[in-house]
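Text of the file run.tsv, holding TSV, C-alpha atoms and all ligand atoms:
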```tsv
chain	number	residue	atom	x	y	z
A	1	MET	CA	0.00	0.00	0.00
A	2	SER	CA	1.12	3.53	-0.65
A	3	ALA	CA	2.26	5.75	2.22
A	4	THR	CA	0.46	8.72	0.69
A	5	PRO	CA	-3.24	7.89	0.60
A	6	THR	CA	-5.78	9.99	-1.22
A	7	LYS	CA	-7.80	12.39	0.89
A	8	LEU	CA	-11.04	10.46	0.56
A	9	GLU	CA	-9.84	7.00	1.56
A	10	PRO	CA	-12.74	5.83	3.79
A	11	LEU	CA	-11.80	5.12	7.39
A	12	ALA	CA	-12.18	1.61	8.80
A	13	ILE	CA	-14.12	3.09	11.72
A	14	HIS	CA	-16.71	4.21	9.13
A	15	GLY	CA	-16.83	0.85	7.31
A	16	GLY	CA	-13.78	1.30	5.03
A	17	THR	CA	-11.03	-1.32	4.63
A	18	PRO	CA	-8.50	-1.25	7.49
A	19	VAL	CA	-4.87	-0.53	6.59
A	20	ARG	CA	-3.92	-3.88	8.18
A	21	GLU	CA	-5.80	-7.13	8.42
A	22	LYS	CA	-4.41	-7.90	11.88
A	23	LEU	CA	-3.55	-5.67	14.83
A	24	LEU	CA	0.03	-4.40	14.97
A	25	PRO	CA	0.89	-4.18	18.71
A	26	TYR	CA	2.51	-1.03	20.09
A	27	GLY	CA	5.39	-3.08	21.49
A	28	ARG	CA	6.57	-6.67	21.69
A	29	GLN	CA	9.61	-8.77	22.47
A	30	SER	CA	11.79	-10.54	19.94
A	31	LEU	CA	13.56	-13.75	20.90
A	32	ASP	CA	15.67	-15.95	18.66
A	33	GLU	CA	16.99	-19.50	18.79
A	34	GLU	CA	20.16	-18.35	20.57
A	35	ASP	CA	18.04	-16.86	23.41
A	36	ILE	CA	16.05	-20.09	23.72
A	37	GLN	CA	19.26	-22.18	23.79
A	38	ALA	CA	20.75	-19.96	26.50
A	39	VAL	CA	17.72	-20.52	28.72
A	40	ALA	CA	17.61	-24.26	27.96
A	41	GLU	CA	21.24	-24.59	29.07
A	42	VAL	CA	20.45	-23.12	32.48
A	43	LEU	CA	17.46	-25.43	32.85
A	44	ARG	CA	19.88	-28.34	32.55
A	45	SER	CA	22.40	-26.84	35.00
A	46	ASP	CA	22.76	-26.91	38.81
A	47	TRP	CA	21.58	-23.37	39.41
A	48	LEU	CA	18.14	-22.08	38.55
A	49	THR	CA	18.45	-18.98	40.71
A	50	THR	CA	21.26	-16.81	42.16
A	51	GLY	CA	23.92	-18.89	40.42
A	52	PRO	CA	26.72	-17.88	38.05
A	53	LYS	CA	24.49	-16.25	35.42
A	54	VAL	CA	23.37	-13.51	37.82
A	55	GLY	CA	26.87	-12.13	38.39
A	56	GLU	CA	27.78	-12.53	34.72
A	57	PHE	CA	24.70	-10.60	33.59
A	58	GLU	CA	25.28	-7.87	36.18
A	59	GLU	CA	28.91	-7.44	35.14
A	60	ARG	CA	28.25	-7.42	31.43
A	61	PHE	CA	25.26	-5.11	31.72
A	62	SER	CA	26.96	-2.56	33.97
A	63	ALA	CA	30.06	-2.55	31.74
A	64	TRP	CA	27.84	-1.95	28.71
A	65	VAL	CA	26.13	1.08	30.25
A	66	GLY	CA	29.40	2.36	31.73
A	67	ALA	CA	28.82	1.87	35.47
A	68	LYS	CA	30.97	0.12	38.06
A	69	TYR	CA	28.22	-1.97	39.65
A	70	GLY	CA	24.98	-3.58	38.57
A	71	VAL	CA	22.46	-5.19	40.91
A	72	SER	CA	19.69	-7.23	39.30
A	73	PHE	CA	16.10	-7.47	40.53
A	74	SER	CA	12.94	-9.41	39.78
A	75	SER	CA	11.40	-6.34	38.09
A	76	GLY	CA	12.03	-2.68	37.34
A	77	THR	CA	9.58	-1.90	40.14
A	78	ALA	CA	11.60	-3.95	42.65
A	79	ALA	CA	14.73	-2.17	41.39
A	80	LEU	CA	13.07	1.22	42.00
A	81	HIS	CA	12.06	0.10	45.49
A	82	ALA	CA	15.66	-0.90	46.24
A	83	ALA	CA	16.96	2.45	44.97
A	84	ALA	CA	14.47	4.30	47.18
A	85	PHE	CA	15.59	2.19	50.14
A	86	ALA	CA	19.29	2.70	49.42
A	87	ALA	CA	18.68	6.46	49.11
A	88	GLY	CA	17.55	6.30	52.73
A	89	LEU	CA	14.00	7.47	52.03
A	90	GLY	CA	11.69	7.00	54.99
A	91	PRO	CA	8.72	8.56	56.79
A	92	GLY	CA	8.91	12.36	56.78
A	93	ASP	CA	11.15	12.44	53.68
A	94	GLU	CA	10.25	13.64	50.21
A	95	ALA	CA	11.48	12.74	46.73
A	96	ILE	CA	10.75	15.05	43.80
A	97	THR	CA	9.56	13.23	40.70
A	98	THR	CA	7.61	13.63	37.48
A	99	PRO	CA	3.90	13.03	36.95
A	100	MET	CA	4.59	11.97	33.34
A	101	THR	CA	5.52	8.37	34.07
A	102	PHE	CA	4.27	4.91	34.92
A	103	CYS	CA	2.94	4.88	38.47
A	104	ALA	CA	5.74	2.53	39.69
A	105	THR	CA	8.18	5.47	39.67
A	106	ALA	CA	6.27	7.35	42.37
A	107	ASN	CA	4.98	4.23	44.14
A	108	CYS	CA	8.51	3.25	45.18
A	109	VAL	CA	8.70	6.41	47.29
A	110	LEU	CA	5.42	5.46	49.00
A	111	TYR	CA	6.70	1.91	49.67
A	112	GLN	CA	9.32	3.54	51.87
A	113	GLY	CA	6.76	5.63	53.76
A	114	ALA	CA	8.09	8.82	52.14
A	115	LYS	CA	6.17	11.31	49.98
A	116	PRO	CA	6.51	11.74	46.21
A	117	VAL	CA	6.36	15.44	45.40
A	118	PHE	CA	5.60	16.05	41.74
A	119	ALA	CA	7.18	18.79	39.66
A	120	ASP	CA	5.93	19.71	36.19
A	121	VAL	CA	7.73	18.71	33.00
A	122	SER	CA	9.31	20.68	30.15
A	123	ALA	CA	6.95	21.07	27.19
A	124	ASP	CA	9.41	19.73	24.58
A	125	THR	CA	10.66	16.46	26.11
A	126	LEU	CA	8.04	15.91	28.83
A	127	ASN	CA	10.95	15.27	31.21
A	128	LEU	CA	11.27	16.93	34.64
A	129	ASP	CA	11.76	20.68	34.34
A	130	PRO	CA	14.75	21.52	36.60
A	131	GLY	CA	13.28	24.98	37.33
A	132	GLU	CA	10.09	23.34	38.64
A	133	VAL	CA	12.12	20.85	40.67
A	134	ALA	CA	14.12	23.69	42.27
A	135	LYS	CA	10.87	25.32	43.45
A	136	ARG	CA	9.89	22.17	45.33
A	137	VAL	CA	13.12	21.44	47.20
A	138	SER	CA	12.42	21.59	50.95
A	139	PRO	CA	14.27	20.57	54.13
A	140	ARG	CA	12.45	17.20	53.80
A	141	THR	CA	13.71	16.50	50.26
A	142	LYS	CA	16.19	13.61	50.08
A	143	ALA	CA	16.21	12.67	46.41
A	144	ILE	CA	15.31	13.69	42.88
A	145	LEU	CA	13.77	10.83	40.93
A	146	ALA	CA	13.93	11.68	37.22
A	147	VAL	CA	12.48	9.65	34.34
A	148	ASP	CA	13.88	9.45	30.81
A	149	TYR	CA	10.44	9.69	29.22
A	150	ALA	CA	10.05	7.61	26.03
A	151	GLY	CA	13.83	7.02	26.06
A	152	HIS	CA	14.95	10.67	25.89
A	153	PRO	CA	17.38	11.31	28.79
A	154	ALA	CA	16.22	13.78	31.42
A	155	ASP	CA	18.09	17.07	31.84
A	156	LEU	CA	20.75	15.20	33.81
A	157	ASP	CA	23.43	17.91	34.13
A	158	ALA	CA	20.96	20.45	35.51
A	159	LEU	CA	19.35	17.91	37.84
A	160	ARG	CA	22.72	16.65	39.05
A	161	SER	CA	23.97	20.11	39.91
A	162	LEU	CA	20.66	20.88	41.66
A	163	ALA	CA	21.04	17.64	43.63
A	164	GLU	CA	24.66	18.43	44.53
A	165	ARG	CA	23.84	21.99	45.64
A	166	ASN	CA	21.12	20.67	47.96
A	167	GLY	CA	22.79	17.48	49.19
A	168	LEU	CA	20.28	15.20	47.42
A	169	LEU	CA	20.69	11.89	45.63
A	170	LEU	CA	19.79	11.74	41.94
A	171	ILE	CA	17.96	8.54	40.97
A	172	GLU	CA	17.27	8.10	37.26
A	173	ASP	CA	14.41	5.87	36.18
A	174	ALA	CA	15.83	4.79	32.83
A	175	CYS	CA	13.28	2.01	32.31
A	176	HIS	CA	12.64	3.56	28.86
A	177	ALA	CA	16.19	4.53	28.09
A	178	LEU	CA	18.58	1.57	27.93
A	179	GLY	CA	21.21	2.61	25.38
A	180	ALA	CA	20.26	6.30	25.33
A	181	ASN	CA	23.17	8.66	24.99
A	182	TYR	CA	23.55	11.88	26.97
A	183	ARG	CA	26.40	14.25	26.07
A	184	GLY	CA	28.64	11.41	24.90
A	185	LYS	CA	27.81	8.89	27.64
A	186	ARG	CA	25.28	6.11	27.90
A	187	VAL	CA	22.78	6.52	30.72
A	188	GLY	CA	23.67	4.19	33.59
A	189	GLY	CA	26.72	5.80	35.12
A	190	ILE	CA	25.61	9.45	35.27
A	191	ALA	CA	23.08	9.59	38.15
A	192	ASP	CA	23.83	8.19	41.63
A	193	MET	CA	21.60	5.24	40.78
A	194	THR	CA	20.05	4.35	37.42
A	195	VAL	CA	17.12	1.96	37.19
A	196	PHE	CA	16.27	-0.29	34.21
A	197	SER	CA	13.38	-2.65	33.39
A	198	PHE	CA	13.51	-5.84	31.34
A	199	HIS	CA	9.77	-6.16	30.71
A	200	PRO	CA	9.01	-7.68	27.28
A	201	VAL	CA	8.27	-4.33	25.58
A	202	LYS	CA	11.69	-2.95	26.58
A	203	HIS	CA	14.97	-2.94	24.60
A	204	LEU	CA	16.18	-6.11	26.31
A	205	THR	CA	13.92	-8.60	28.06
A	206	THR	CA	14.25	-11.24	30.75
A	207	GLY	CA	10.45	-11.76	30.94
A	208	GLU	CA	10.23	-9.75	34.14
A	209	GLY	CA	13.38	-8.18	35.53
A	210	GLY	CA	15.25	-5.03	36.39
A	211	MET	CA	18.66	-3.63	37.32
A	212	VAL	CA	20.13	-0.71	39.22
A	213	THR	CA	23.54	0.52	38.11
A	214	THR	CA	25.75	2.76	40.24
A	215	ASN	CA	29.36	3.78	40.75
A	216	ASP	CA	28.94	3.71	44.53
A	217	ALA	CA	30.05	0.47	46.22
A	218	ALA	CA	28.07	1.11	49.42
A	219	LEU	CA	24.79	1.74	47.56
A	220	ALA	CA	25.36	-1.44	45.51
A	221	GLU	CA	25.99	-3.50	48.65
A	222	THR	CA	22.87	-2.15	50.38
A	223	MET	CA	20.75	-3.00	47.32
A	224	ARG	CA	22.27	-6.50	47.09
A	225	ARG	CA	21.19	-7.17	50.65
A	226	PHE	CA	17.80	-5.54	50.19
A	227	ARG	CA	16.91	-7.91	47.32
A	228	ASN	CA	17.81	-10.94	49.44
A	229	HIS	CA	15.79	-10.46	52.66
A	230	GLY	CA	18.47	-8.17	54.05
A	231	ILE	CA	20.87	-11.10	54.43
A	232	SER	CA	24.57	-10.33	54.36
A	233	SER	CA	25.64	-13.22	52.10
A	234	GLU	CA	24.07	-15.25	49.32
A	235	ALA	CA	23.32	-19.00	49.41
A	236	ARG	CA	25.87	-19.71	46.67
A	237	GLN	CA	28.65	-17.88	48.56
A	238	ARG	CA	27.84	-19.96	51.66
A	239	GLN	CA	27.73	-23.22	49.71
A	240	GLU	CA	31.08	-22.48	48.05
A	241	SER	CA	32.77	-21.46	51.29
A	242	GLY	CA	31.20	-24.37	53.22
A	243	GLN	CA	29.64	-22.09	55.83
A	244	TRP	CA	26.16	-22.22	57.33
A	245	PHE	CA	26.06	-18.93	59.22
A	246	TYR	CA	24.31	-15.91	57.81
A	247	GLU	CA	22.94	-12.78	59.30
A	248	MET	CA	19.97	-10.62	58.43
A	249	VAL	CA	21.18	-7.05	58.78
A	250	LEU	CA	18.29	-5.05	57.34
A	251	LEU	CA	14.65	-5.64	56.44
A	252	GLY	CA	14.70	-6.73	52.82
A	253	PHE	CA	12.58	-8.68	50.35
A	254	ASN	CA	12.95	-11.56	47.95
A	255	TYR	CA	13.50	-9.49	44.81
A	256	ARG	CA	16.08	-11.83	43.22
A	257	LEU	CA	16.32	-12.38	39.48
A	258	THR	CA	16.74	-16.03	38.47
A	259	ASP	CA	19.65	-17.60	36.56
A	260	ILE	CA	17.09	-18.55	33.92
A	261	ALA	CA	16.20	-14.88	33.41
A	262	CYS	CA	19.83	-13.73	33.55
A	263	ALA	CA	20.87	-16.23	30.86
A	264	LEU	CA	18.20	-14.69	28.65
A	265	GLY	CA	19.45	-11.22	29.58
A	266	ILE	CA	23.05	-12.08	28.59
A	267	SER	CA	21.90	-13.46	25.27
A	268	GLN	CA	19.67	-10.42	24.63
A	269	LEU	CA	22.53	-8.07	25.48
A	270	ASN	CA	24.40	-9.42	22.43
A	271	LYS	CA	21.63	-7.99	20.21
A	272	LEU	CA	21.09	-4.71	21.99
A	273	GLU	CA	23.16	-2.49	19.68
A	274	ALA	CA	21.37	-3.82	16.60
A	275	ASN	CA	17.96	-3.43	18.27
A	276	LEU	CA	18.71	0.15	19.27
A	277	ALA	CA	19.84	0.98	15.75
A	278	ARG	CA	16.58	-0.40	14.37
A	279	ARG	CA	14.50	1.66	16.84
A	280	ARG	CA	16.42	4.78	15.83
A	281	GLU	CA	15.79	4.01	12.17
A	282	ILE	CA	12.04	3.62	12.76
A	283	ALA	CA	11.91	6.86	14.77
A	284	ALA	CA	13.69	8.71	11.95
A	285	GLN	CA	11.20	7.36	9.41
A	286	TYR	CA	8.24	8.40	11.56
A	287	THR	CA	9.66	11.87	12.17
A	288	LYS	CA	10.31	12.41	8.48
A	289	ALA	CA	6.79	11.25	7.58
A	290	PHE	CA	4.95	13.28	10.23
A	291	ARG	CA	6.91	16.44	10.91
A	292	ASN	CA	5.08	18.40	8.21
A	293	LEU	CA	1.59	17.21	9.11
A	294	PRO	CA	-0.20	20.23	10.60
A	295	ALA	CA	-2.13	18.07	13.09
A	296	ILE	CA	0.91	16.28	14.54
A	297	GLU	CA	3.69	17.31	16.89
A	298	VAL	CA	6.57	14.82	16.68
A	299	PRO	CA	8.77	14.07	19.74
A	300	ALA	CA	11.52	16.62	20.34
A	301	VAL	CA	15.19	15.63	20.54
A	302	ARG	CA	17.52	18.01	22.34
A	303	ASP	CA	21.07	18.73	21.22
A	304	GLY	CA	23.68	16.34	22.59
A	305	VAL	CA	21.16	13.56	23.12
A	306	ASP	CA	20.53	10.30	21.26
A	307	PRO	CA	17.30	8.79	22.64
A	308	ALA	CA	16.70	5.05	22.95
A	309	TRP	CA	13.12	5.28	21.59
A	310	HIS	CA	11.25	2.95	23.90
A	311	LEU	CA	8.14	4.85	22.78
A	312	TYR	CA	7.29	7.14	19.91
A	313	PRO	CA	4.67	9.48	21.41
A	314	ILE	CA	3.11	12.04	19.08
A	315	ARG	CA	0.95	14.91	20.33
A	316	LEU	CA	-2.12	15.98	18.41
A	317	LYS	CA	-2.63	19.63	17.61
A	318	GLN	CA	-6.30	19.88	18.41
A	319	GLU	CA	-6.73	23.19	16.61
A	320	SER	CA	-6.08	21.39	13.27
A	321	LEU	CA	-8.51	18.52	13.90
A	322	SER	CA	-12.29	18.28	13.88
A	323	VAL	CA	-12.39	15.53	16.55
A	324	GLY	CA	-10.61	14.88	19.84
A	325	ARG	CA	-7.87	12.40	20.81
A	326	ALA	CA	-10.37	9.66	21.77
A	327	GLU	CA	-11.82	9.56	18.24
A	328	ILE	CA	-8.38	9.61	16.56
A	329	PHE	CA	-7.31	6.80	18.88
A	330	ARG	CA	-10.39	4.70	18.03
A	331	ALA	CA	-9.93	5.38	14.31
A	332	LEU	CA	-6.31	4.19	14.42
A	333	ARG	CA	-7.33	1.08	16.35
A	334	ALA	CA	-9.96	0.37	13.69
A	335	GLU	CA	-7.15	0.52	11.10
A	336	ASN	CA	-5.50	-2.22	13.26
A	337	ILE	CA	-2.72	0.01	14.51
A	338	GLY	CA	-2.05	-0.79	18.19
A	339	VAL	CA	-1.78	2.72	19.56
A	340	ASN	CA	-1.54	3.45	23.28
A	341	VAL	CA	-1.35	6.42	25.63
A	342	HIS	CA	1.66	7.06	27.91
A	343	TYR	CA	0.75	8.26	30.49
A	344	VAL	CA	-2.18	9.17	32.64
A	345	PRO	CA	-0.18	11.61	34.84
A	346	VAL	CA	0.40	9.88	38.18
A	347	HIS	CA	-1.35	12.54	40.28
A	348	LYS	CA	-4.53	11.97	38.23
A	349	HIS	CA	-4.85	8.32	39.32
A	350	ARG	CA	-7.65	7.82	41.84
A	351	TYR	CA	-5.30	6.49	44.52
A	352	TYR	CA	-3.13	9.62	44.35
A	353	ARG	CA	-6.13	11.96	44.11
A	354	ASP	CA	-7.72	10.38	47.19
A	355	ARG	CA	-4.52	10.23	49.21
A	356	PHE	CA	-3.06	13.64	48.35
A	357	ALA	CA	-6.20	15.60	47.41
A	358	TYR	CA	-5.06	16.54	43.90
A	359	GLN	CA	-7.81	18.49	42.13
A	360	GLY	CA	-6.25	18.58	38.65
A	361	GLY	CA	-4.54	21.67	37.23
A	362	GLU	CA	-1.46	21.36	39.48
A	363	TYR	CA	0.86	20.31	36.63
A	364	PRO	CA	-0.47	22.07	33.53
A	365	VAL	CA	2.27	21.02	31.08
A	366	ALA	CA	1.90	17.30	31.88
A	367	GLU	CA	-1.88	17.55	31.94
A	368	ASP	CA	-2.06	19.32	28.58
A	369	ALA	CA	0.30	16.75	27.02
A	370	TYR	CA	-1.76	13.87	28.40
A	371	GLU	CA	-4.87	15.12	26.57
A	372	ARG	CA	-3.03	15.06	23.24
A	373	LEU	CA	-0.65	12.08	23.45
A	374	ILE	CA	-0.78	8.93	21.35
A	375	SER	CA	2.05	6.36	21.33
A	376	LEU	CA	2.59	4.73	17.94
A	377	PRO	CA	3.88	1.15	17.61
A	378	MET	CA	7.63	1.00	18.31
A	379	PHE	CA	9.60	-2.22	18.65
A	380	HIS	CA	12.82	-3.38	17.06
A	381	SER	CA	11.35	-6.29	15.08
A	382	MET	CA	8.90	-4.06	13.20
A	383	THR	CA	9.22	-4.71	9.47
A	384	SER	CA	9.39	-1.98	6.83
A	385	GLN	CA	5.81	-2.90	5.93
A	386	ASP	CA	4.75	-2.42	9.58
A	387	VAL	CA	6.33	1.04	9.63
A	388	GLU	CA	4.70	1.94	6.30
A	389	ASP	CA	1.32	0.77	7.59
A	390	VAL	CA	1.59	3.05	10.65
A	391	ILE	CA	2.57	6.00	8.45
A	392	HIS	CA	-0.26	5.25	6.01
A	393	ALA	CA	-2.87	4.86	8.79
A	394	LEU	CA	-1.92	8.06	10.59
A	395	HIS	CA	-1.97	10.07	7.36
A	396	LYS	CA	-5.32	8.50	6.46
A	397	VAL	CA	-6.91	9.28	9.84
A	398	VAL	CA	-5.66	12.84	10.29
A	399	THR	CA	-6.47	13.71	6.67
A	400	ASN	CA	-10.04	12.55	7.17
A	401	TYR	CA	-10.39	14.57	10.34
A	402	ALA	CA	-8.51	17.67	9.18
A	403	LYS	CA	-10.29	20.92	9.98
B	1	LIG	C1	9.11	4.55	33.59
B	1	LIG	C2	8.89	3.20	34.18
B	1	LIG	N1	9.32	2.96	35.43
B	1	LIG	C3	9.16	1.76	36.00
B	1	LIG	C4	8.56	0.71	35.36
B	1	LIG	C5	8.37	-0.59	36.05
B	1	LIG	O1	9.10	-1.63	35.46
B	1	LIG	P1	8.63	-3.15	35.59
B	1	LIG	O2	7.43	-3.34	34.72
B	1	LIG	O3	9.82	-3.93	35.11
B	1	LIG	O4	8.34	-3.39	37.03
B	1	LIG	C6	8.10	0.91	34.06
B	1	LIG	C7	7.44	-0.21	33.37
B	1	LIG	O5	7.03	-0.23	32.29
B	1	LIG	C8	8.26	2.18	33.45
B	1	LIG	O6	7.81	2.40	32.21
```
Could I get this file's structure written as structure tokens?
Amino acid sequence: MSATPTKLEPLAIHGGTPVREKLLPYGRQSLDEEDIQAVAEVLRSDWLTTGPKVGEFEERFSAWVGAKYGVSFSSGTAALHAAAFAAGLGPGDEAITTPMTFCATANCVLYQGAKPVFADVSADTLNLDPGEVAKRVSPRTKAILAVDYAGHPADLDALRSLAERNGLLLIEDACHALGANYRGKRVGGIADMTVFSFHPVKHLTTGEGGMVTTNDAALAETMRRFRNHGISSEARQRQESGQWFYEMVLLGFNYRLTDIACALGISQLNKLEANLARRREIAAQYTKAFRNLPAIEVPAVRDGVDPAWHLYPIRLKQESLSVGRAEIFRALRAENIGVNVHYVPVHKHRYYRDRFAYQGGEYPVAEDAYERLISLPMFHSMTSQDVEDVIHALHKVVTNYAK
């Protein structure tokens, strides 16, 4: 099909033929035979969990992102919880974070009995606006918890100097941003702690899984204990040294990642560069196809940054359209394009509204973006035909609804 449809092509939502016969998801994993073999090998080995693959994955992953230490977890959420714990967050403390994220980012502060304080985002990247963060620093603030929204690194230099000036820790939720480049460095070794997720829609998957990278040995050690009930040594260390004694030194959880998952992670790491390159190629094609459409705002990329493109979120320009976001969303779905919305700003979730009495209107930039956002399909195994179909469908829908 052509990527430049005629103006009158009837929409599937109105009974026309959909651009695709089957739904194209917005994200999905890709596993190959090598990944399956790597997992099968572990299944035949002595260690299913906390064996040799865990350390190997942590070392290779942290080296790849450019950090001294990597501590793996059973999910990105568990990794965030560990980072909040290691930052020393507790009752009476605050961490400043963004509303434009998945709720897990802010929830980890609540797990520790501390309060997430939201600051509004910059209109171009939808990442934390350092000026807004500065306004919310108080004697109770202990950490800044930034998110690299959609894979575009947060304003890390500004946030780091703000953190340093105020004696705060900078935690970076890079669950979208594995492989993103910020001023010549990969994210992972820039903030005090950087958090990654290995959920299937991410750049690298272990099924469920996560990692925190850091250059600080003490933070790494605290997180290693935290993920293992707060115990000071691991079962494998005790078995190898022939010792039975262990001590619980802090209140931790079982947040361990298995050897099965880590074997998959190691194998996926071998393909990461190629997968990132493919995501960048797709993003470039989308941007080229959409940047001149009057109804569409394409994602901004700041100088000195190379995003990892976990998501490709467009914003609609409502003044150029005769219908709202909900109708455009439904029309794209009817064309079998698996669009999504990232995110309902965290303070707009009922739990947060009830607990913190948010009325709406507190974070106008995030709230305005939310009304206009649509995430297009973005995953590294998308074919050229998939990309063309998305381009075709979006042109078709916005042309039909042009004002
Ligand atoms: C920004 C962000 N933070 C944290 C998480 C939580 O990661 P996980 O699903 O691995 O627990 C996600 C998950 O998608 C995320 O997008």
*Find the residue from A:Leu168, A:Leu31, A:Leu272, A:Leu24 that sits nearest to Gly207 of chain A; use only C-alpha atoms when measuring.*
A:Leu31
_Among the residues A:Leu178, A:Leu23, A:Met211, A:Val121, the one that comes closest to His81 of chain A [using only C-alpha atoms]_ = A:Met211
Collect all residues with atoms no farther than 8 Å from ligand LIG 1 (chain B), counting all atoms listed in the file, and output them as an mmCIF file with C-alpha atoms, in the coordinates of the input.
```cif
data_model
loop_
_atom_site.group_PDB
_atom_site.id
_atom_site.type_symbol
_atom_site.label_atom_id
_atom_site.label_comp_id
_atom_site.auth_asym_id
_atom_site.auth_seq_id
_atom_site.Cartn_x
_atom_site.Cartn_y
_atom_site.Cartn_z
ATOM 1 C CA SER A 74 12.940 -9.410 39.780
ATOM 2 C CA SER A 75 11.400 -6.340 38.090
ATOM 3 C CA GLY A 76 12.030 -2.680 37.340
ATOM 4 C CA THR A 77 9.580 -1.900 40.140
ATOM 5 C CA ALA A 78 11.600 -3.950 42.650
ATOM 6 C CA ALA A 79 14.730 -2.170 41.390
ATOM 7 C CA LEU A 80 13.070 1.220 42.000
ATOM 8 C CA THR A 101 5.520 8.370 34.070
ATOM 9 C CA PHE A 102 4.270 4.910 34.920
ATOM 10 C CA CYS A 103 2.940 4.880 38.470
ATOM 11 C CA ALA A 104 5.740 2.530 39.690
ATOM 12 C CA THR A 105 8.180 5.470 39.670
ATOM 13 C CA VAL A 147 12.480 9.650 34.340
ATOM 14 C CA ASP A 148 13.880 9.450 30.810
ATOM 15 C CA TYR A 149 10.440 9.690 29.220
ATOM 16 C CA ASP A 173 14.410 5.870 36.180
ATOM 17 C CA ALA A 174 15.830 4.790 32.830
ATOM 18 C CA CYS A 175 13.280 2.010 32.310
ATOM 19 C CA HIS A 176 12.640 3.560 28.860
ATOM 20 C CA PHE A 196 16.270 -0.290 34.210
ATOM 21 C CA SER A 197 13.380 -2.650 33.390
ATOM 22 C CA PHE A 198 13.510 -5.840 31.340
ATOM 23 C CA HIS A 199 9.770 -6.160 30.710
ATOM 24 C CA VAL A 201 8.270 -4.330 25.580
ATOM 25 C CA LYS A 202 11.690 -2.950 26.580
ATOM 26 C CA GLU A 208 10.230 -9.750 34.140
ATOM 27 C CA GLY A 209 13.380 -8.180 35.530
ATOM 28 C CA GLY A 210 15.250 -5.030 36.390
#
```
Could you list, as a short mmCIF file (atom, residue, chain, number, x, y, z; two decimals) with C-alpha atoms, keeping the file's coordinate frame, every residue within 12 Å of Gly16 of chain A, counting all atoms listed in the file and ignoring same-chain residues fewer than 6 positions away?
```cif
data_model
loop_
_atom_site.label_atom_id
_atom_site.label_comp_id
_atom_site.auth_asym_id
_atom_site.auth_seq_id
_atom_site.Cartn_x
_atom_site.Cartn_y
_atom_site.Cartn_z
CA LEU A 8 -11.04 10.46 0.56
CA GLU A 9 -9.84 7.00 1.56
CA PRO A 10 -12.74 5.83 3.79
CA ALA A 331 -9.93 5.38 14.31
CA ALA A 334 -9.96 0.37 13.69
CA GLU A 335 -7.15 0.52 11.10
CA LYS A 396 -5.32 8.50 6.46
CA VAL A 397 -6.91 9.28 9.84
#
```
Considering only C-alpha atoms, tabulate each residue of segment 178-225 of chain A that lies at most 12 Å from segment 156-165 of chain A along with its nearest interatomic pair and the corresponding distance in Å to one decimal; arrange the rows by chain and ascending residue number and present them as a Markdown table.
```
| residue | atom | partner | partner_atom | distance |
| --- | --- | --- | --- | --- |
| A:Asn181 | CA | A:Leu156 | CA | 11.2 |
| A:Tyr182 | CA | A:Leu156 | CA | 8.1 |
| A:Arg183 | CA | A:Asp157 | CA | 9.3 |
| A:Lys185 | CA | A:Leu156 | CA | 11.3 |
| A:Arg186 | CA | A:Leu156 | CA | 11.8 |
| A:Val187 | CA | A:Leu156 | CA | 9.4 |
| A:Gly188 | CA | A:Leu156 | CA | 11.4 |
| A:Gly189 | CA | A:Leu156 | CA | 11.2 |
| A:Ile190 | CA | A:Leu156 | CA | 7.7 |
| A:Ala191 | CA | A:Arg160 | CA | 7.1 |
| A:Asp192 | CA | A:Arg160 | CA | 8.9 |
| A:Met193 | CA | A:Arg160 | CA | 11.6 |
| A:Thr194 | CA | A:Leu156 | CA | 11.5 |
```
*asked:* What's around segment 97-99 of chain A at 6 Å? Count all atoms listed in the file, leave out sequence neighbours fewer than 5 positions away in its own chain, and write the answer as a list in words.
replied: Phe118, Ala119, Leu128, Leu145, Ala146, Pro345 and Val346 of chain A
*Could you please determine the separation between atom CA of Gln385 of chain A and atom CA of Ile282 of chain A in Å, to one decimal place?*
11.3 Å
*Excluding segment 235-247 of chain A and any residue of its chain fewer than 4 positions from it, enumerate the residues within 12 Å of it, using only C-alpha atoms, and give them as a ChimeraX atom specification.*
/A:46-55,225,228-231,251,256
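Closest approach to Ser138 of chain A from the set A:Val42, A:Ala95, A:Leu169, A:Ile260 is made by A:Ala95, with distances taken over only C-alpha atoms.
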Please write out, as JSON, where the centre of an axis-aligned box around all listed atoms of segment 307-320 of chain A lies and how long its edges are, in Å to one decimal, after adding 5 Å on each side.
```
{"center_x": 5.3, "center_y": 13.1, "center_z": 18.6, "size_x": 34.0, "size_y": 30.2, "size_z": 20.6}
```
_What's the separation between atom CA of Val305 of chain A and atom CA of Ala180 of chain A, in Å to one decimal place?_
7.6 Å
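Among the candidate residues A:Ala106, A:Ile96, A:Asp386, A:Asn400, the one lying nearest to Ile144 of chain A is A:Ile96, with distances computed using all atoms listed in the file.
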